[in-house]
file run.txt (compact mmCIF, C-alpha atoms and all ligand atoms)
# COMPACT_ATOMS: atom_id res chain seq x y z
CA MET A 231 82.65 104.56 136.35
CA SER A 232 85.99 103.68 137.95
CA ASP A 233 89.18 105.64 137.31
CA SER A 234 90.59 102.78 135.26
CA GLU A 235 87.49 102.73 133.03
CA ILE A 236 87.74 106.47 132.40
CA LEU A 237 91.43 106.06 131.59
CA ARG A 238 90.70 103.27 129.11
CA ILE A 239 88.00 105.34 127.38
CA LEU A 240 90.46 108.23 127.09
CA LEU A 241 93.06 105.87 125.67
CA ALA A 242 90.52 104.62 123.11
CA ALA A 243 89.80 108.24 122.10
CA VAL A 244 93.50 109.11 121.67
CA LEU A 245 94.27 105.94 119.70
CA GLY A 246 91.10 106.46 117.65
CA ILE A 247 92.51 109.83 116.62
CA ALA A 248 95.85 108.18 115.75
CA ALA A 249 94.00 105.64 113.56
CA ALA A 250 92.04 108.41 111.83
CA ALA A 251 95.31 110.25 111.20
CA GLY A 252 96.56 107.05 109.51
CA ASN A 253 93.73 107.39 106.96
CA LEU A 254 94.72 110.99 106.25
CA LEU A 255 98.40 110.10 105.90
CA GLY A 256 97.55 107.28 103.47
CA GLY A 257 95.48 109.72 101.41
CA TYR A 258 98.26 112.28 101.51
CA PHE A 259 100.77 109.78 100.06
CA VAL A 260 98.56 109.24 97.03
CA VAL A 261 97.98 112.94 96.46
CA ARG A 262 101.72 113.65 96.71
CA LYS A 263 102.22 111.06 93.92
CA GLU A 264 105.63 110.03 95.27
CA TRP A 265 104.48 107.53 97.77
CA PRO A 266 106.29 104.47 99.05
CA ARG A 267 104.27 101.75 97.26
CA LYS A 268 106.51 98.98 98.54
CA TYR A 269 106.18 99.95 102.20
CA LEU A 270 102.43 100.23 101.96
CA GLN A 271 102.38 96.67 100.57
CA TYR A 272 104.38 95.56 103.62
CA PHE A 273 101.81 97.18 105.91
CA LEU A 274 99.08 95.36 103.99
CA ALA A 275 100.82 91.98 104.40
CA LEU A 276 101.65 92.38 108.09
CA GLY A 277 98.15 93.75 108.66
CA ALA A 278 96.45 90.78 106.97
CA GLY A 279 98.19 88.17 109.14
CA TYR A 280 98.00 90.15 112.35
CA MET A 281 94.33 91.11 111.88
CA LEU A 282 93.25 87.54 111.17
CA ALA A 283 95.07 86.41 114.32
CA VAL A 284 93.53 89.19 116.44
CA ALA A 285 90.03 88.45 115.14
CA LEU A 286 90.29 84.67 115.63
CA ILE A 287 92.21 84.36 118.88
CA GLU A 288 91.35 87.61 120.69
CA MET A 289 88.18 89.37 119.52
CA ILE A 290 85.95 86.38 118.83
CA PRO A 291 86.90 84.43 122.01
CA ALA A 292 86.37 87.62 124.08
CA SER A 293 82.98 88.04 122.37
CA VAL A 294 81.98 84.48 123.27
CA GLN A 295 83.01 85.11 126.86
CA LEU A 296 80.78 88.18 126.86
CA ALA A 297 77.73 86.92 124.97
CA GLY A 298 78.04 83.12 124.87
CA PRO A 299 77.69 81.14 121.62
CA ASP A 300 75.25 83.80 120.29
CA ALA A 301 78.33 85.93 119.64
CA PHE A 302 78.99 83.91 116.46
CA PHE A 303 75.72 85.13 114.97
CA PHE A 304 76.92 88.73 115.30
CA VAL A 305 80.34 87.80 113.90
CA LEU A 306 78.46 86.46 110.87
CA ILE A 307 76.40 89.67 110.58
CA GLY A 308 79.54 91.85 110.80
CA PHE A 309 81.25 89.75 108.13
CA PHE A 310 78.41 89.94 105.63
CA LEU A 311 77.54 93.56 106.39
CA ILE A 312 80.87 94.53 104.84
CA HIS A 313 80.39 92.06 101.99
CA LEU A 314 77.06 93.77 101.27
CA PHE A 315 78.42 97.31 101.23
CA GLU A 316 81.95 96.86 99.84
CA HIS A 317 81.27 94.21 97.23
CA THR A 318 77.54 93.94 96.51
CA ILE A 319 76.23 97.51 96.49
CA ALA A 320 79.57 98.93 95.31
CA PRO A 321 80.03 97.80 91.69
CA HIS A 322 83.85 97.89 91.74
CA PHE A 323 86.07 97.81 94.80
CA HIS A 324 89.40 96.37 95.76
CA PHE A 325 91.96 97.32 98.36
CA GLY A 326 95.11 98.99 97.06
CA GLU A 327 95.74 101.51 94.31
CA GLU A 328 92.77 102.15 92.04
CA THR A 329 93.71 102.42 88.38
CA HIS A 330 90.45 101.46 86.63
CA ALA A 331 89.22 104.96 85.81
CA GLU A 332 86.51 103.58 83.47
CA GLU A 333 84.77 101.91 86.43
CA PHE A 334 84.05 105.29 87.97
CA ALA A 335 82.39 107.06 85.07
CA ARG A 336 79.21 107.17 87.14
CA GLN A 337 79.26 109.22 90.34
CA GLY A 338 77.19 106.51 92.04
CA ALA A 339 80.06 104.01 91.78
CA ARG A 340 82.38 106.37 93.67
CA ARG A 341 79.80 107.14 96.33
CA ALA A 342 79.08 103.44 96.86
CA VAL A 343 82.78 102.69 97.50
CA LEU A 344 83.05 105.62 99.89
CA LEU A 345 79.95 104.42 101.76
CA GLY A 346 81.27 100.84 101.97
CA LEU A 347 84.66 101.98 103.25
CA ALA A 348 83.06 104.43 105.69
CA ILE A 349 80.96 101.63 107.24
CA HIS A 350 84.06 99.43 107.48
CA SER A 351 86.01 102.37 109.05
CA PHE A 352 83.19 102.98 111.51
CA PHE A 353 83.68 99.42 112.76
CA ASP A 354 87.46 99.99 113.02
CA GLY A 355 86.55 102.60 115.64
CA VAL A 356 83.96 100.34 117.27
CA ALA A 357 86.64 97.63 117.53
CA ILE A 358 89.15 99.91 119.28
CA ALA A 359 86.64 101.25 121.81
CA ALA A 360 85.02 97.86 122.45
CA GLY A 361 88.48 96.37 123.07
CA PHE A 362 89.39 99.05 125.60
CA LEU A 363 86.03 98.69 127.38
CA ILE A 364 87.06 95.09 128.11
CA SER A 365 90.75 95.54 128.89
CA THR A 366 93.78 97.67 128.05
CA TRP A 367 95.37 94.57 126.52
CA LEU A 368 92.47 93.83 124.15
CA GLY A 369 92.17 97.50 123.18
CA ALA A 370 95.90 97.77 122.48
CA VAL A 371 96.14 94.64 120.30
CA ILE A 372 93.04 95.70 118.34
CA PHE A 373 94.46 99.20 117.86
CA VAL A 374 97.59 97.71 116.22
CA ALA A 375 95.32 95.66 113.91
CA VAL A 376 93.44 98.79 112.87
CA PHE A 377 96.52 100.97 112.54
CA LEU A 378 98.38 98.49 110.29
CA HIS A 379 95.71 98.80 107.59
CA LYS A 380 94.79 102.48 108.05
CA LEU A 381 97.48 103.82 105.71
CA PRO A 382 96.52 101.37 102.90
CA GLU A 383 92.85 102.24 103.57
CA GLY A 384 93.53 105.96 103.15
CA PHE A 385 95.45 105.47 99.92
CA THR A 386 92.77 103.10 98.59
CA VAL A 387 90.03 105.69 98.92
CA ALA A 388 92.17 108.64 97.79
CA SER A 389 93.45 106.79 94.70
CA MET A 390 89.86 105.82 93.81
CA VAL A 391 88.80 109.49 93.94
CA LEU A 392 91.80 110.57 91.82
CA ALA A 393 91.21 107.73 89.32
CA SER A 394 87.65 108.96 88.86
CA GLY A 395 89.00 112.33 87.73
CA GLN A 396 88.26 114.27 90.93
CA THR A 397 90.51 116.88 92.52
CA ARG A 398 93.25 116.17 95.05
CA GLN A 399 91.24 118.10 97.60
CA ASN A 400 88.35 115.68 97.17
CA ALA A 401 90.76 112.76 97.54
CA ILE A 402 91.97 114.07 100.90
CA ARG A 403 88.38 114.80 101.90
CA ALA A 404 87.46 111.16 101.20
CA ALA A 405 90.37 109.94 103.37
CA ALA A 406 89.25 112.36 106.10
CA THR A 407 85.69 110.99 105.87
CA LEU A 408 87.03 107.51 106.71
CA GLY A 409 88.97 108.97 109.65
CA GLY A 410 85.78 110.70 110.82
CA ALA A 411 83.80 107.46 110.55
CA THR A 412 86.42 105.75 112.76
CA LEU A 413 86.11 108.49 115.39
CA LEU A 414 82.32 108.17 115.29
CA GLY A 415 82.69 104.43 115.94
CA VAL A 416 84.91 105.11 118.96
CA ALA A 417 82.49 107.76 120.31
CA LEU A 418 79.25 105.77 119.88
CA THR A 419 80.77 102.60 121.37
CA SER A 420 82.04 104.55 124.39
CA ILE A 421 78.61 106.15 124.90
CA PHE A 422 76.50 103.01 124.37
CA GLN A 423 78.55 100.65 126.54
CA GLY A 424 75.46 98.55 127.27
CA GLN A 425 75.62 97.24 123.69
CA LEU A 426 79.16 95.87 124.05
CA GLN A 427 78.01 92.25 123.66
CA TYR A 428 76.90 93.14 120.10
CA ALA A 429 79.58 95.69 119.25
CA LEU A 430 82.59 93.42 119.87
CA PRO A 431 81.45 90.38 117.82
CA LEU A 432 80.20 92.63 115.00
CA ALA A 433 83.62 94.31 114.89
CA GLY A 434 85.24 90.85 115.02
CA GLY A 435 83.30 89.80 111.92
CA VAL A 436 84.26 93.03 110.13
CA THR A 437 87.95 92.50 110.99
CA LEU A 438 87.78 88.92 109.72
CA TYR A 439 86.24 90.10 106.44
CA VAL A 440 88.68 92.96 105.87
CA ALA A 441 91.75 90.80 106.55
CA GLY A 442 90.57 87.68 104.74
CA THR A 443 88.81 89.12 101.69
CA ASP A 444 90.16 92.66 101.21
CA LEU A 445 93.81 92.40 102.23
CA LEU A 446 94.86 88.78 101.50
CA PRO A 447 93.54 88.63 97.90
CA GLU A 448 95.26 91.93 97.14
CA LEU A 449 98.60 90.40 98.25
CA ASN A 450 98.01 87.16 96.38
CA ARG A 451 97.33 88.88 93.04
CA GLU A 452 101.00 88.78 92.15
CA PRO A 453 103.46 86.10 93.26
CA ASN A 454 105.80 87.63 95.83
CA TRP A 455 107.22 85.32 98.47
CA ARG A 456 108.36 88.22 100.66
CA LEU A 457 104.84 89.57 101.00
CA ALA A 458 103.44 86.05 101.50
CA ALA A 459 105.97 85.42 104.29
CA LEU A 460 105.16 88.77 105.95
CA VAL A 461 101.60 87.54 106.49
CA PHE A 462 103.03 84.85 108.79
CA ALA A 463 105.15 87.51 110.48
CA GLY A 464 101.91 89.37 111.21
CA VAL A 465 100.47 86.28 112.91
CA ALA A 466 103.74 85.75 114.81
CA ILE A 467 103.69 89.32 116.16
CA LEU A 468 100.40 88.67 117.97
CA LEU A 469 101.59 85.30 119.34
CA ILE A 470 104.79 86.93 120.64
CA LEU A 471 102.81 89.78 122.22
CA GLN A 472 100.61 87.21 123.95
CA LYS A 473 103.65 85.37 125.31
CA LEU A 474 105.19 88.63 126.57
CA ALA A 475 101.92 89.61 128.26
CA ASN A 476 101.82 86.29 130.12
CA ILE A 477 105.35 86.52 131.55
ZN ZN A 501 89.95 98.90 90.21
ZN ZN A 502 89.74 99.64 108.22
call {"tool": "encode", "arguments": {"input": "run.txt", "output": "structure tokens", "more": "lines below"}}
Ligand SMILES: [Zn+2]
Ligand SMILES: [Zn+2]
result
Amino acid sequence: MSDSEILRILLAAVLGIAAAAGNLLGGYFVVRKEWPRKYLQYFLALGAGYMLAVALIEMIPASVQLAGPDAFFFVLIGFFLIHLFEHTIAPHFHFGEETHAEEFARQGARRAVLLGLAIHSFFDGVAIAAGFLISTWLGAVIFVAVFLHKLPEGFTVASMVLASGQTRQNAIRAAATLGGATLLGVALTSIFQGQLQYALPLAGGVTLYVAGTDLLPELNREPNWRLAALVFAGVAILLILQKLANI
């Protein structure tokens, strides 16, 4: 391994920890009860636009460069893997604050959501490490995509645990589980570098699913032009970063 490769793996590990901390912070906001709802919505909106842009014009093209047209098959698998766990096996799940206590009368419903979100968070980590294995640029733009939705992700899981009548400690533990899953994704991707041609398109499909079906619908539930416009701002951020990188 060259020095630059070792440096990029270290960078992936550090930023993986930062992303995991985002989950914990999101969970902490919910437990504290006095959390900045409005700002978390802004993160959600920026994240949706930015993540869709990163998936479509960075991760998927890089995957095709790596694996050829077969990459699209793995994008498809990543996309529907999350559909299976977040919305098919889990009986009730949506991004954002959970208020439907009645949906979580059965312990199985809570566990299913935690499992779905943990698999999604695992791929957040895979995405960061896979990006850095290709280039510092790709790793950095993917990290921003992950970080922008890590706070909302932490509060989603923590509010679900609280809504189901569990303790605050369990809510934080659930947010920490998602952070742990992200770190596991970073670690396994760094160890099994030979599988990069599968890891990157799978993570691309997961990112596409999370942005397009978890985040966007949550924003569109209530009419709010500011939030809708912020989605475009998210897309613009990536385009501006690309322009700056090419100067
Ligand atoms: Zn609900
Ligand atoms: Zn995530």
call {"tool": "residues_near_ligand", "arguments": {"input": "run.txt", "ligand": "ligand ZN 501 (chain A)", "cutoff": "6 Å", "atoms": "all atoms listed in the file", "output": "JSON, numbers by chain"}}
result
{"A": [328, 329, 330]}
call {"tool": "residues_near_ligand", "arguments": {"input": "run.txt", "ligand": "ligand ZN 502 (chain A)", "cutoff": "9 Å", "atoms": "all atoms listed in the file", "output": "PyMOL selection string"}}
result
chain A and resi 253+347-348+350-355+375-380+382-384+408+412+436-437+440
call {"tool": "closest_residue", "arguments": {"input": "run.txt", "among": "A:Phe462, A:Tyr428, A:Phe273, A:Phe325", "to": "A:Ala388", "atoms": "all atoms listed in the file"}}
result
A:Phe325
call {"tool": "residues_around", "arguments": {"input": "run.txt", "residues": "A:His317", "least_positions_apart": "6", "cutoff": "9 Å", "atoms": "all atoms listed in the file", "output": "JSON list (two decimals) with C-alpha atoms, in the frame of the given file"}}
result
[["chain", "number", "residue", "atom", "x", "y", "z"],
["A", 323, "PHE", "CA", 86.07, 97.81, 94.80],
["A", 324, "HIS", "CA", 89.40, 96.37, 95.76],
["A", 343, "VAL", "CA", 82.78, 102.69, 97.50],
["A", 346, "GLY", "CA", 81.27, 100.84, 101.97]]
call {"tool": "residues_around", "arguments": {"input": "run.txt", "residues": "stretch 464-477 of chain A", "least_positions_apart": "2", "cutoff": "6 Å", "atoms": "all atoms listed in the file", "output": "number ranges by chain"}}
result
A: 276, 279-280, 283, 461-462
call {"tool": "closest_residue", "arguments": {"input": "run.txt", "among": "A:Leu460, A:Ile290, A:Ala275, A:Ile421", "to": "A:Phe304", "atoms": "only C-alpha atoms"}}
result
A:Ile290
call {"tool": "closest_residue", "arguments": {"input": "run.txt", "among": "A:Thr386, A:Phe310, A:Leu296, A:Pro291", "to": "A:Ala405", "atoms": "all atoms listed in the file"}}
result
A:Thr386
